[in-house]
Amino acid sequence: MSARITLTKVVGPACVQDLGRPGQLALGLPRGGALAPRRLRALNASIGNAPGDAALEVFGLVEFSVSAPVAVAIDDNEPFVARAGETYRVATEGRRVRLIAFAGGVAVPEVLGGRGLLPSARMGGHEGRWLRSGDTLPLPGAHTTLARVDTPHDPMPRAPLESLRVELWPGPEHGSLVDRDVLEACAFRVAATSDRTGLHLEGDTVRLHPRPHGTPSLPLVPGAVQLPPSGQPVVLGPDHPVTGGYPVVGVVQAGSLEALFVAPLGSTLRFVRPSLS
């Protein structure tokens with residue numbers, strides 16, 4: 001059954017995302033993909049989708065209607081069948097991000113192996129841009145079957161976390177820190193300037209010994225912790241640049257990334273060394 005989504009209202013950033021486009025670093029493109037890939041897989045499973053089917057990632061508020069009945073899964077909610085012509089509202093309401101999956105997946109064009117928006121390249125998603133009020137999105141595989149599989153996941157936090165523990169490996173320039181224990185000793189706050197490119201952390205100034213002139217840029221990955229001249233660390237997100245000149249003093253353990261990326265702005269975090277057990 002073919003259907004479409006109409007976005008009757010969009011406030012704040014919202015985009016189409018899937019599980020990313022791996023293997024494109026040689027073209028200067030990061031993998032990208034949803035901030036919460038584990039949750040995206042769970043939502044897709046709950047309505048019978050493939051794990052990487054494209055969905056909506058919302059950082060503000062979205063109101064939508066559908067042209068025909070379709071199964072919908074929204075994080076923190078039970079899957080349901082949306083009725084044609086009715087308006088549904090999804091807002092972050094203290095959370096950092098919300099995900100909305102539709103049966104059959106949002107069928108925007110695939111670009112270099114992925115459907116998700118990469119804003120810096122103006123590619124993927126809907127017309128290579130953030131979503132706007134009035135946009136329509138195709139659902140050619142829409143259906144009303146609810147799989148109701150057992151896919152538990154923690155609810156998205158609604159208020160800033162008081163202390164999130166994030167496992168951190170030393171980075172290639174960790175040895176250049178004036179105090180090599182400073183990252184574990186400090187509490188950092190997730191700043192409001194954070195986005196999909198990187199989480200900006202606020203806290204005590206982290207200092208480095210002077211770097212040799214001409215230090216080469218390093219390849220980058222999600223979770224790399226760069227230290228710009230301000231001394232305030234930045235944890236790179238899924239839309240990170242593929243190389244960078246700022247020192248990389250740490251790399252977040254892959255298993256900690258999703259909890260970190262969905263933490264509400266203003267959350268406090270502490271870095272800890274990964275367990276080797």
# chains A, B, ... in the order shown; residues from 1 in each chain; ligands from 1
>>> residues_around(residues="His209 in chain A", least_positions_apart="3", cutoff="8 Å", atoms="only C-alpha atoms", output="PyMOL selection string")
chain A and resi 176-178
>>> write_last_selection(atoms="N, CA and C atoms", output="CSV table (one decimal), in the first residue's frame")
chain,number,residue,atom,x,y,z
A,176,SER,N,50.1,14.3,25.6
A,176,SER,CA,50.4,15.7,25.6
A,176,SER,C,49.7,16.5,26.6
A,177,LEU,N,48.8,15.9,27.4
A,177,LEU,CA,48.0,16.6,28.4
A,177,LEU,C,49.0,17.0,29.5
A,178,VAL,N,48.8,18.2,30.0
A,178,VAL,CA,49.6,18.7,31.2
A,178,VAL,C,49.3,17.8,32.4
>>> atom_distance(atom1="CA of Pro22 in chain A", atom2="CA of Gly113 in chain A")
7.6 Å
>>> residues_around(residues="Gln226 in chain A", least_positions_apart="2", cutoff="8 Å", atoms="only C-alpha atoms", output="PyMOL selection string")
chain A and resi 224+228+233-236+246-250
>>> closest_residue(among="A:Ser65, A:Gln253, A:Ser120, A:Thr205", to="Ala185 in chain A", atoms="only C-alpha atoms")
A:Thr205
